Amino acid sequence: MKFLIPDWKSFGKEDIQETLEALGHQVVYYTDEPRSYRRDPKFRSELRHFLREHPMDAIFSSNYYPVLSTVCQELKLPYLSWCYDNPLVLLYSDTVFNSCNYIFLFDSQMVMDLRNAGVTQAYYLPMAVNPTRLNKLTATPAQQQILDADVAFVGALYNEKHNLYDRFDQLDEYTKGYLEGVMQAQRKIYGYHFLERVLTPDILERLVQTVPLQTNSDGHETLEYLYANYFLCRKMTQMDRQDTFAMLEQRADLCTKLYTPNLTPQFQHIRNMGTVHYMLEMPLVFRHSRINLNITLRSIANGIPLRAMDIMGSGGFLLTNHQNDFAMHFIEGEDYVSYDSLEDMMEKIDYYLIHEKERQTIAANGCRKVYGEHTYTQRLQEMLSVLG
């Protein structure tokens, strides 16, 4: 088959191209990018013209783009999208009902939400790794010394000044207290999200008055979805990560390294290593850190985050918060380890730092399981079998 892939910033693009070509397919990149991913008449016209002059069998993208679906629907061309982001408001575009779509999602809850809305061609598909690329990466002894850590975390802290929730600075005390209460309650629960349900009409009215939002005219997302996932969930994630590292900061005996774009002047004992290159450096961080933390973005209801797959695929030991979808693919305590509170997390950090052989066995099991069942080759074959 001949696939057109948009050459836009996204995870996995190189791995997808390599895998498709290894499976005997052809990949053509489309470099032009629309001004709006929802609708852009000029872009649509140019893409239609390109496809008529350069026939393709399908368009493939990481994440879902309504403007691509619209063109595929017009030309009766299959559109495959594999979504790694959550939240992703573009999935609430009315174009998701197009018959051309084959939408693959890493979070089982997202699949249920779309199917309950009437989107029949939404499919559960976890994220993947590329063993060929990962096995080529090696660190020099000098690099290993820099990477060496007891505990490591790669990711954002969501403590930027433009954090959406912090725009509620003019919110009345009752509503602010209500939101703080529901966030603290939700933070104690993994596997069940209730935020949208508790944003009652009177609370929503106050939120709209303070930080106005509007739903898209060509979409079916709700205000509850927008405020819960883009405001409250990101704030909760900030709280989760802040509290995690505040606890680790108290442990000066541990070598804890944080790979993040955010400044962390509040930490004296945690080393902020800055950012790392996703393809070339991040796997080496996971491989040479004794314990790798995954602290899931709160809007991911059930799914296994790409970061968790990256850790196990790199041969790293994964210590993660609970996510329901892990149970469908991995064995707790054998392939990875989870925690249900910060106190539980610290107990398991101390335990697995002491029990080195057990930790290494779990890391090896997780890597073996990922290589055996969660590669790009397997995932793309699954997609193409759905496409028929």
# chains A, B, ... in the order shown; residues from 1 in each chain; ligands from 1
$ residues_around --residues "Pro55 (chain A)" --least-positions-apart "2" --cutoff "10 Å" --atoms "only C-alpha atoms" --output "list in words"
Lys2, Phe3, Leu4, Phe50, Leu51, Arg52, Glu53, Asp57, Ala58 and Leu77 of chain A
$ write_last_selection --atoms "C-alpha atoms" --output "PDB file, in the first residue's frame"
ATOM      1  CA  LYS A   2       1.004   3.606  -0.507  1.00  0.00           C
ATOM      2  CA  PHE A   3       0.491   5.832   2.552  1.00  0.00           C
ATOM      3  CA  LEU A   4       0.513   9.602   2.786  1.00  0.00           C
ATOM      4  CA  PHE A  50      -1.987  16.648  -4.597  1.00  0.00           C
ATOM      5  CA  LEU A  51      -3.872  13.382  -4.082  1.00  0.00           C
ATOM      6  CA  ARG A  52      -5.377  13.503  -7.547  1.00  0.00           C
ATOM      7  CA  GLU A  53      -1.928  13.898  -9.073  1.00  0.00           C
ATOM      8  CA  ASP A  57      -4.166   4.053  -0.814  1.00  0.00           C
ATOM      9  CA  ALA A  58      -4.674   5.761   2.555  1.00  0.00           C
ATOM     10  CA  LEU A  77      -9.925   7.411   0.816  1.00  0.00           C
TER      11      LEU A  77
END
$ residues_around --residues "region 340-344 of chain A" --least-positions-apart "2" --cutoff "7 Å" --atoms "only C-alpha atoms" --output "ChimeraX atom specification"
/A:244,321-322,338,346-348
$ write_last_selection --atoms "C-alpha atoms" --output "PDB file, in the first residue's frame"
ATOM      1  CA  THR A 244       5.896  13.440  44.477  1.00  0.00           C
ATOM      2  CA  ASN A 321       0.562   4.967  39.384  1.00  0.00           C
ATOM      3  CA  HIS A 322      -2.299   2.539  38.755  1.00  0.00           C
ATOM      4  CA  SER A 338       2.504   0.206  40.656  1.00  0.00           C
ATOM      5  CA  MET A 346       8.411   5.529  48.768  1.00  0.00           C
ATOM      6  CA  GLU A 347       8.155   2.089  50.379  1.00  0.00           C
ATOM      7  CA  LYS A 348       8.524   0.435  46.984  1.00  0.00           C
TER       8      LYS A 348
END
$ residues_around --residues "Val370 (chain A)" --least-positions-apart "3" --cutoff "8 Å" --atoms "only C-alpha atoms" --output "VMD selection string"
chain A and resid 128 to 129 309 312 to 313 366 to 367 373 to 375
$ residues_around --residues "region 228-240 of chain A" --least-positions-apart "6" --cutoff "8 Å" --atoms "only C-alpha atoms" --output "CSV table (one decimal) with N, CA, C and O atoms, in the first residue's frame"
chain,number,residue,atom,x,y,z
A,87,PRO,N,-6.1,14.7,27.0
A,87,PRO,CA,-7.3,15.0,26.1
A,87,PRO,C,-6.9,15.3,24.7
A,87,PRO,O,-5.8,15.7,24.4
A,157,LEU,N,6.4,19.3,34.5
A,157,LEU,CA,5.8,19.5,35.8
A,157,LEU,C,4.5,20.3,35.8
A,157,LEU,O,3.8,20.3,36.8
A,158,TYR,N,4.1,20.8,34.6
A,158,TYR,CA,2.9,21.6,34.5
A,158,TYR,C,2.8,22.7,35.5
A,158,TYR,O,1.7,23.1,35.9
A,159,ASN,N,3.9,23.3,35.8
A,159,ASN,CA,3.9,24.4,36.8
A,159,ASN,C,4.2,25.8,36.1
A,159,ASN,O,4.6,26.8,36.7
A,163,ASN,N,-0.5,28.0,33.2
A,163,ASN,CA,-1.4,26.9,33.5
A,163,ASN,C,-2.8,27.4,33.6
A,163,ASN,O,-3.1,28.4,34.2
A,164,LEU,N,-3.7,26.7,32.8
A,164,LEU,CA,-5.0,27.2,32.6
A,164,LEU,C,-5.8,27.4,33.9
A,164,LEU,O,-6.5,28.4,34.1
A,165,TYR,N,-5.7,26.5,34.8
A,165,TYR,CA,-6.5,26.5,36.1
A,165,TYR,C,-6.1,27.8,36.8
A,165,TYR,O,-7.0,28.4,37.5
A,183,MET,N,-11.1,18.2,43.2
A,183,MET,CA,-9.8,17.7,42.7
A,183,MET,C,-9.1,16.9,43.7
A,183,MET,O,-8.5,15.8,43.3
A,187,ARG,N,-8.1,13.0,43.1
A,187,ARG,CA,-6.7,12.6,43.1
A,187,ARG,C,-6.5,11.3,44.0
A,187,ARG,O,-5.5,10.6,43.8
A,195,LEU,N,-15.0,13.9,37.3
A,195,LEU,CA,-15.0,15.4,37.3
A,195,LEU,C,-16.1,16.0,36.5
A,195,LEU,O,-16.7,17.0,36.9
A,196,GLU,N,-16.3,15.5,35.3
A,196,GLU,CA,-17.3,16.1,34.4
A,196,GLU,C,-18.7,16.0,35.0
A,196,GLU,O,-19.5,16.9,34.8
A,199,LEU,N,-19.4,18.9,37.6
A,199,LEU,CA,-19.4,20.3,37.2
A,199,LEU,C,-20.9,20.6,36.8
A,199,LEU,O,-21.3,20.5,35.7
A,295,ILE,N,4.2,9.2,36.1
A,295,ILE,CA,3.1,9.9,36.8
A,295,ILE,C,2.1,10.3,35.8
A,295,ILE,O,2.4,11.3,35.1
A,296,THR,N,1.0,9.6,35.6
A,296,THR,CA,0.2,9.8,34.4
A,296,THR,C,-0.6,11.1,34.4
A,296,THR,O,-1.1,11.5,35.5
A,297,LEU,N,-0.7,11.7,33.3
A,297,LEU,CA,-1.5,12.9,33.1
A,297,LEU,C,-2.9,12.5,33.5
A,297,LEU,O,-3.5,11.5,33.0
A,298,ARG,N,-3.6,13.2,34.4
A,298,ARG,CA,-4.9,12.8,35.0
A,298,ARG,C,-6.0,12.7,34.0
A,298,ARG,O,-7.0,12.0,34.3
A,299,SER,N,-5.9,13.3,32.8
A,299,SER,CA,-7.0,13.1,31.8
A,299,SER,C,-6.9,11.7,31.1
A,299,SER,O,-7.9,11.4,30.4
$ select_by_dssp --residues "region 54-253 of chain A" --states "helix (DSSP H, G or I)" --output "PyMOL selection string"
chain A and resi 66-75+89-92+94-97+108-116+131-136+141-147+164-170+173-187+195-198+201-210+223-249
$ closest_residue --among "A:Thr320, A:Gln209, A:Gln17, A:Gln381" --to "Phe168 (chain A)" --atoms "only C-alpha atoms"
A:Gln209
$ residues_around --residues "region 11-13 of chain A" --least-positions-apart "2" --cutoff "12 Å" --atoms "only C-alpha atoms" --output "ChimeraX atom specification"
/A:4-9,15-20,27-29,60-63,81-85,127-130,133,277-279,306-307,310,375-376,380
$ write_last_selection --atoms "N, CA, C and O atoms" --output "compact mmCIF listing (two decimals), in the first residue's frame"
# COMPACT_ATOMS: atom_id res chain seq x y z
N LEU A 4 0.12 8.21 2.62
CA LEU A 4 0.51 9.60 2.79
C LEU A 4 0.50 9.92 4.27
O LEU A 4 -0.52 9.70 4.95
N ILE A 5 1.62 10.43 4.79
CA ILE A 5 1.73 10.78 6.21
C ILE A 5 2.09 12.25 6.32
O ILE A 5 3.06 12.70 5.71
N PRO A 6 1.32 13.03 7.08
CA PRO A 6 1.67 14.44 7.26
C PRO A 6 2.98 14.57 8.02
O PRO A 6 3.18 13.92 9.04
N ASP A 7 3.87 15.39 7.50
CA ASP A 7 5.18 15.60 8.11
C ASP A 7 5.07 16.73 9.13
O ASP A 7 5.66 17.79 8.98
N TRP A 8 4.27 16.46 10.19
CA TRP A 8 4.06 17.43 11.25
C TRP A 8 4.69 16.90 12.53
O TRP A 8 5.00 15.72 12.65
N LYS A 9 4.86 17.75 13.50
CA LYS A 9 5.49 17.34 14.75
C LYS A 9 4.60 16.33 15.46
O LYS A 9 3.45 16.62 15.80
N ASP A 15 9.41 5.89 13.52
CA ASP A 15 9.23 4.46 13.76
C ASP A 15 8.12 3.90 12.87
O ASP A 15 8.22 2.77 12.38
N ILE A 16 7.07 4.67 12.66
CA ILE A 16 5.97 4.22 11.81
C ILE A 16 6.44 4.09 10.36
O ILE A 16 6.14 3.09 9.69
N GLN A 17 7.18 5.08 9.89
CA GLN A 17 7.70 5.00 8.53
C GLN A 17 8.60 3.77 8.36
O GLN A 17 8.43 3.00 7.40
N GLU A 18 9.52 3.59 9.28
CA GLU A 18 10.45 2.46 9.19
C GLU A 18 9.69 1.13 9.16
O GLU A 18 10.02 0.23 8.37
N THR A 19 8.66 1.02 9.99
CA THR A 19 7.92 -0.24 10.09
C THR A 19 7.08 -0.49 8.85
O THR A 19 7.04 -1.61 8.32
N LEU A 20 6.39 0.53 8.38
CA LEU A 20 5.58 0.36 7.17
C LEU A 20 6.44 -0.06 5.99
O LEU A 20 6.07 -0.96 5.22
N VAL A 27 5.82 4.97 1.87
CA VAL A 27 5.44 6.14 2.65
C VAL A 27 5.83 7.40 1.90
O VAL A 27 6.97 7.53 1.43
N VAL A 28 4.88 8.32 1.78
CA VAL A 28 5.13 9.63 1.18
C VAL A 28 4.75 10.68 2.22
O VAL A 28 3.65 10.63 2.79
N TYR A 29 5.66 11.62 2.48
CA TYR A 29 5.37 12.68 3.45
C TYR A 29 4.72 13.87 2.76
O TYR A 29 5.10 14.24 1.65
N PHE A 60 -2.37 8.33 6.78
CA PHE A 60 -2.09 7.86 8.14
C PHE A 60 -1.53 9.03 8.95
O PHE A 60 -0.64 9.74 8.49
N SER A 61 -2.03 9.21 10.16
CA SER A 61 -1.48 10.27 11.02
C SER A 61 -1.43 9.81 12.47
O SER A 61 -2.24 9.00 12.91
N SER A 62 -0.44 10.32 13.21
CA SER A 62 -0.41 10.19 14.66
C SER A 62 -1.29 11.31 15.22
O SER A 62 -1.03 12.48 14.95
N ASN A 63 -2.30 10.94 15.99
CA ASN A 63 -3.39 11.80 16.45
C ASN A 63 -4.37 12.05 15.29
O ASN A 63 -4.05 11.80 14.12
N SER A 81 -5.88 6.97 11.89
CA SER A 81 -5.23 7.83 12.88
C SER A 81 -5.00 7.02 14.15
O SER A 81 -5.88 6.27 14.58
N TRP A 82 -3.82 7.17 14.71
CA TRP A 82 -3.45 6.47 15.95
C TRP A 82 -3.16 7.54 16.99
O TRP A 82 -2.17 8.27 16.89
N CYS A 83 -4.04 7.64 17.98
CA CYS A 83 -4.00 8.77 18.92
C CYS A 83 -3.20 8.43 20.18
O CYS A 83 -3.47 7.42 20.83
N TYR A 84 -2.24 9.28 20.51
CA TYR A 84 -1.43 9.10 21.72
C TYR A 84 -1.69 10.20 22.73
O TYR A 84 -1.16 10.14 23.85
N ASP A 85 -2.49 11.21 22.39
CA ASP A 85 -2.81 12.30 23.31
C ASP A 85 -4.17 12.08 23.95
O ASP A 85 -5.11 11.57 23.32
N MET A 127 -0.07 1.76 22.79
CA MET A 127 1.11 2.30 22.15
C MET A 127 2.16 1.20 21.98
O MET A 127 1.96 0.06 22.41
N ALA A 128 3.28 1.53 21.34
CA ALA A 128 4.25 0.50 20.96
C ALA A 128 5.68 1.02 21.06
O ALA A 128 5.92 2.21 21.31
N VAL A 129 6.64 0.10 20.85
CA VAL A 129 8.05 0.45 20.84
C VAL A 129 8.69 -0.11 19.58
O VAL A 129 8.14 -1.00 18.92
N ASN A 130 9.88 0.39 19.27
CA ASN A 130 10.65 -0.07 18.13
C ASN A 130 11.93 -0.73 18.65
O ASN A 130 12.93 -0.04 18.90
N ARG A 133 15.38 0.10 16.85
CA ARG A 133 15.99 1.40 17.18
C ARG A 133 16.56 1.40 18.59
O ARG A 133 17.70 1.86 18.82
N HIS A 277 16.60 14.31 24.40
CA HIS A 277 16.06 14.00 23.07
C HIS A 277 15.27 12.71 23.15
O HIS A 277 15.77 11.68 23.64
N TYR A 278 14.03 12.75 22.64
CA TYR A 278 13.13 11.59 22.77
C TYR A 278 13.71 10.34 22.12
O TYR A 278 13.68 9.25 22.71
N MET A 279 14.25 10.47 20.91
CA MET A 279 14.70 9.30 20.16
C MET A 279 16.08 8.81 20.61
O MET A 279 16.31 7.60 20.70
N LEU A 306 2.30 6.41 26.71
CA LEU A 306 3.45 6.10 25.86
C LEU A 306 4.73 6.06 26.69
O LEU A 306 5.61 5.22 26.45
N ARG A 307 4.85 6.94 27.69
CA ARG A 307 6.06 7.00 28.51
C ARG A 307 6.30 5.68 29.23
O ARG A 307 7.45 5.23 29.36
N ASP A 310 7.70 3.31 26.77
CA ASP A 310 9.09 3.70 26.48
C ASP A 310 10.04 3.18 27.56
O ASP A 310 11.14 2.72 27.26
N THR A 375 5.13 -4.18 19.71
CA THR A 375 6.03 -3.51 18.77
C THR A 375 5.22 -2.78 17.70
O THR A 375 4.04 -3.06 17.48
N TYR A 376 5.89 -1.85 17.02
CA TYR A 376 5.23 -1.14 15.92
C TYR A 376 4.81 -2.12 14.82
O TYR A 376 3.77 -1.92 14.18
N LEU A 380 0.93 -2.05 13.67
CA LEU A 380 0.56 -1.65 12.32
C LEU A 380 -0.11 -2.82 11.57
O LEU A 380 -1.01 -2.59 10.76
$ atom_distance --atom1 "CA of Gln143 (chain A)" --atom2 "CA of Gly372 (chain A)"
28.7 Å
$ atom_distance --atom1 "CA of Phe104 (chain A)" --atom2 "CA of Tyr123 (chain A)"
4.8 Å
$ residues_around --residues "Thr222 (chain A)" --least-positions-apart "2" --cutoff "12 Å" --atoms "only C-alpha atoms" --output "list in words"
Val89, Tyr92, Ser93, Glu196, Arg197, Leu199, Pro201, Leu204, Leu213, Gln214, Thr215, Asn216, Ser217, Gly219, His220, Glu224, Tyr225, Leu226, Tyr227, Ala228 and Asn229 of chain A
$ select_by_dssp --residues "region 16-191 of chain A" --states "strand (DSSP E)" --output "number ranges by chain"
A: 26-30, 58-62, 79-83, 101-105, 122-124, 149-154
$ write_last_selection --atoms "N, CA, C and O atoms" --output "mmCIF file, in the first residue's frame"
data_model
loop_
_atom_site.group_PDB
_atom_site.id
_atom_site.type_symbol
_atom_site.label_atom_id
_atom_site.label_comp_id
_atom_site.auth_asym_id
_atom_site.auth_seq_id
_atom_site.Cartn_x
_atom_site.Cartn_y
_atom_site.Cartn_z
ATOM 1 N N GLN A 26 4.785 1.694 1.018
ATOM 2 C CA GLN A 26 5.480 2.913 0.618
ATOM 3 C C GLN A 26 4.930 4.085 1.424
ATOM 4 O O GLN A 26 3.719 4.199 1.634
ATOM 5 N N VAL A 27 5.825 4.972 1.871
ATOM 6 C CA VAL A 27 5.440 6.140 2.652
ATOM 7 C C VAL A 27 5.831 7.403 1.904
ATOM 8 O O VAL A 27 6.970 7.531 1.431
ATOM 9 N N VAL A 28 4.881 8.317 1.776
ATOM 10 C CA VAL A 28 5.128 9.632 1.180
ATOM 11 C C VAL A 28 4.748 10.677 2.217
ATOM 12 O O VAL A 28 3.651 10.629 2.791
ATOM 13 N N TYR A 29 5.657 11.617 2.483
ATOM 14 C CA TYR A 29 5.370 12.681 3.454
ATOM 15 C C TYR A 29 4.723 13.872 2.762
ATOM 16 O O TYR A 29 5.096 14.242 1.649
ATOM 17 N N TYR A 30 3.760 14.475 3.495
ATOM 18 C CA TYR A 30 3.132 15.715 3.012
ATOM 19 C C TYR A 30 3.535 16.818 3.976
ATOM 20 O O TYR A 30 3.159 16.816 5.150
ATOM 21 N N ALA A 58 -4.132 5.320 1.274
ATOM 22 C CA ALA A 58 -4.674 5.761 2.555
ATOM 23 C C ALA A 58 -3.835 6.916 3.079
ATOM 24 O O ALA A 58 -2.679 7.110 2.666
ATOM 25 N N ILE A 59 -4.417 7.680 4.006
ATOM 26 C CA ILE A 59 -3.668 8.676 4.780
ATOM 27 C C ILE A 59 -3.541 8.146 6.202
ATOM 28 O O ILE A 59 -4.479 7.578 6.759
ATOM 29 N N PHE A 60 -2.371 8.327 6.783
ATOM 30 C CA PHE A 60 -2.090 7.857 8.143
ATOM 31 C C PHE A 60 -1.533 9.026 8.950
ATOM 32 O O PHE A 60 -0.644 9.741 8.488
ATOM 33 N N SER A 61 -2.031 9.214 10.162
ATOM 34 C CA SER A 61 -1.477 10.271 11.022
ATOM 35 C C SER A 61 -1.427 9.813 12.466
ATOM 36 O O SER A 61 -2.238 8.995 12.911
ATOM 37 N N SER A 62 -0.436 10.319 13.209
ATOM 38 C CA SER A 62 -0.415 10.187 14.660
ATOM 39 C C SER A 62 -1.287 11.309 15.219
ATOM 40 O O SER A 62 -1.034 12.483 14.955
ATOM 41 N N TYR A 79 -8.815 6.816 6.071
ATOM 42 C CA TYR A 79 -8.006 7.662 6.947
ATOM 43 C C TYR A 79 -7.750 6.916 8.255
ATOM 44 O O TYR A 79 -8.675 6.647 9.020
ATOM 45 N N LEU A 80 -6.482 6.566 8.491
ATOM 46 C CA LEU A 80 -6.085 5.893 9.718
ATOM 47 C C LEU A 80 -5.409 6.890 10.647
ATOM 48 O O LEU A 80 -4.470 7.593 10.233
ATOM 49 N N SER A 81 -5.881 6.970 11.887
ATOM 50 C CA SER A 81 -5.229 7.830 12.876
ATOM 51 C C SER A 81 -5.004 7.023 14.148
ATOM 52 O O SER A 81 -5.879 6.270 14.580
ATOM 53 N N TRP A 82 -3.820 7.170 14.712
ATOM 54 C CA TRP A 82 -3.451 6.466 15.947
ATOM 55 C C TRP A 82 -3.160 7.537 16.992
ATOM 56 O O TRP A 82 -2.174 8.270 16.888
ATOM 57 N N CYS A 83 -4.037 7.644 17.985
ATOM 58 C CA CYS A 83 -3.995 8.772 18.918
ATOM 59 C C CYS A 83 -3.203 8.430 20.176
ATOM 60 O O CYS A 83 -3.473 7.417 20.830
ATOM 61 N N ASN A 101 -13.065 6.960 8.325
ATOM 62 C CA ASN A 101 -12.185 6.943 9.495
ATOM 63 C C ASN A 101 -11.926 5.543 10.039
ATOM 64 O O ASN A 101 -12.843 4.709 10.116
ATOM 65 N N TYR A 102 -10.688 5.342 10.458
ATOM 66 C CA TYR A 102 -10.299 4.192 11.278
ATOM 67 C C TYR A 102 -9.481 4.798 12.418
ATOM 68 O O TYR A 102 -8.300 5.125 12.246
ATOM 69 N N ILE A 103 -10.121 4.992 13.572
ATOM 70 C CA ILE A 103 -9.515 5.741 14.676
ATOM 71 C C ILE A 103 -9.051 4.759 15.745
ATOM 72 O O ILE A 103 -9.856 4.020 16.324
ATOM 73 N N PHE A 104 -7.749 4.756 16.021
ATOM 74 C CA PHE A 104 -7.151 3.839 16.988
ATOM 75 C C PHE A 104 -6.704 4.635 18.214
ATOM 76 O O PHE A 104 -6.031 5.659 18.088
ATOM 77 N N LEU A 105 -7.076 4.144 19.407
ATOM 78 C CA LEU A 105 -6.886 4.898 20.644
ATOM 79 C C LEU A 105 -6.205 4.034 21.699
ATOM 80 O O LEU A 105 -6.549 2.856 21.857
ATOM 81 N N ALA A 122 -14.057 3.158 15.972
ATOM 82 C CA ALA A 122 -13.070 3.517 16.988
ATOM 83 C C ALA A 122 -12.566 2.224 17.609
ATOM 84 O O ALA A 122 -13.363 1.372 18.020
ATOM 85 N N TYR A 123 -11.241 2.055 17.684
ATOM 86 C CA TYR A 123 -10.657 0.782 18.091
ATOM 87 C C TYR A 123 -9.599 1.002 19.166
ATOM 88 O O TYR A 123 -8.834 1.974 19.119
ATOM 89 N N TYR A 124 -9.553 0.071 20.117
ATOM 90 C CA TYR A 124 -8.533 0.125 21.164
ATOM 91 C C TYR A 124 -7.217 -0.414 20.619
ATOM 92 O O TYR A 124 -7.164 -1.513 20.068
ATOM 93 N N ALA A 149 21.280 6.985 38.308
ATOM 94 C CA ALA A 149 20.370 7.576 39.295
ATOM 95 C C ALA A 149 19.629 6.467 40.020
ATOM 96 O O ALA A 149 19.410 5.380 39.478
ATOM 97 N N ASP A 150 19.241 6.754 41.259
ATOM 98 C CA ASP A 150 18.357 5.843 41.972
ATOM 99 C C ASP A 150 16.938 5.965 41.429
ATOM 100 O O ASP A 150 16.267 4.966 41.182
ATOM 101 N N VAL A 151 16.483 7.207 41.270
ATOM 102 C CA VAL A 151 15.125 7.480 40.798
ATOM 103 C C VAL A 151 15.208 8.534 39.705
ATOM 104 O O VAL A 151 15.932 9.531 39.847
ATOM 105 N N ALA A 152 14.473 8.322 38.620
ATOM 106 C CA ALA A 152 14.459 9.296 37.531
ATOM 107 C C ALA A 152 13.029 9.496 37.042
ATOM 108 O O ALA A 152 12.193 8.588 37.091
ATOM 109 N N PHE A 153 12.778 10.703 36.580
ATOM 110 C CA PHE A 153 11.485 11.024 35.962
ATOM 111 C C PHE A 153 11.737 11.927 34.767
ATOM 112 O O PHE A 153 12.477 12.916 34.871
ATOM 113 N N VAL A 154 11.115 11.592 33.646
ATOM 114 C CA VAL A 154 11.200 12.399 32.441
ATOM 115 C C VAL A 154 9.809 12.942 32.139
ATOM 116 O O VAL A 154 8.863 12.175 31.934
#
$ atom_distance --atom1 "CA of Thr361 (chain A)" --atom2 "CA of Asp253 (chain A)"
24.5 Å
$ closest_residue --among "A:Ile146, A:Ala252, A:Leu384, A:Leu207" --to "Ser289 (chain A)" --atoms "only C-alpha atoms"
A:Ile146
$ closest_residue --among "A:Pro78, A:Ser10, A:Arg38, A:Asp166" --to "Leu387 (chain A)" --atoms "only C-alpha atoms"
A:Pro78
$ residues_around --residues "Ala156 (chain A)" --least-positions-apart "3" --cutoff "8 Å" --atoms "only C-alpha atoms" --output "count of residues only"
3
$ decode --residues "region 235-246 of chain A" --atoms "N, CA, C and O atoms" --output "tab-separated table (two decimals), in the first residue's frame"
chain	number	residue	atom	x	y	z
A	235	LYS	N	-4.17	20.64	36.28
A	235	LYS	CA	-3.81	21.15	37.60
A	235	LYS	C	-3.55	19.99	38.56
A	235	LYS	O	-2.60	20.03	39.35
A	236	MET	N	-4.38	18.95	38.50
A	236	MET	CA	-4.16	17.78	39.36
A	236	MET	C	-2.84	17.10	39.05
A	236	MET	O	-2.14	16.63	39.96
A	237	THR	N	-2.49	17.04	37.77
A	237	THR	CA	-1.21	16.45	37.40
A	237	THR	C	-0.06	17.26	37.97
A	237	THR	O	0.94	16.72	38.46
A	238	GLN	N	-0.20	18.59	37.92
A	238	GLN	CA	0.81	19.45	38.54
A	238	GLN	C	0.94	19.14	40.03
A	238	GLN	O	2.05	19.00	40.57
A	239	MET	N	-0.20	19.00	40.71
A	239	MET	CA	-0.19	18.69	42.14
A	239	MET	C	0.47	17.33	42.40
A	239	MET	O	1.29	17.18	43.32
A	240	ASP	N	0.09	16.33	41.58
A	240	ASP	CA	0.66	14.99	41.75
A	240	ASP	C	2.18	15.02	41.65
A	240	ASP	O	2.89	14.43	42.47
A	241	ARG	N	2.67	15.68	40.62
A	241	ARG	CA	4.12	15.69	40.39
A	241	ARG	C	4.84	16.57	41.40
A	241	ARG	O	5.93	16.22	41.87
A	242	GLN	N	4.21	17.66	41.77
A	242	GLN	CA	4.81	18.53	42.79
A	242	GLN	C	4.93	17.80	44.12
A	242	GLN	O	5.98	17.84	44.78
A	243	ASP	N	3.87	17.11	44.54
A	243	ASP	CA	3.89	16.38	45.81
A	243	ASP	C	4.87	15.22	45.77
A	243	ASP	O	5.53	14.92	46.77
A	244	THR	N	4.96	14.56	44.62
A	244	THR	CA	5.90	13.44	44.48
A	244	THR	C	7.33	13.90	44.71
A	244	THR	O	8.09	13.29	45.48
A	245	PHE	N	7.70	15.00	44.07
A	245	PHE	CA	9.09	15.44	44.17
A	245	PHE	C	9.36	16.20	45.46
A	245	PHE	O	10.50	16.24	45.92
A	246	ALA	N	8.32	16.75	46.07
A	246	ALA	CA	8.49	17.33	47.40
A	246	ALA	C	8.85	16.23	48.40
A	246	ALA	O	9.67	16.43	49.31
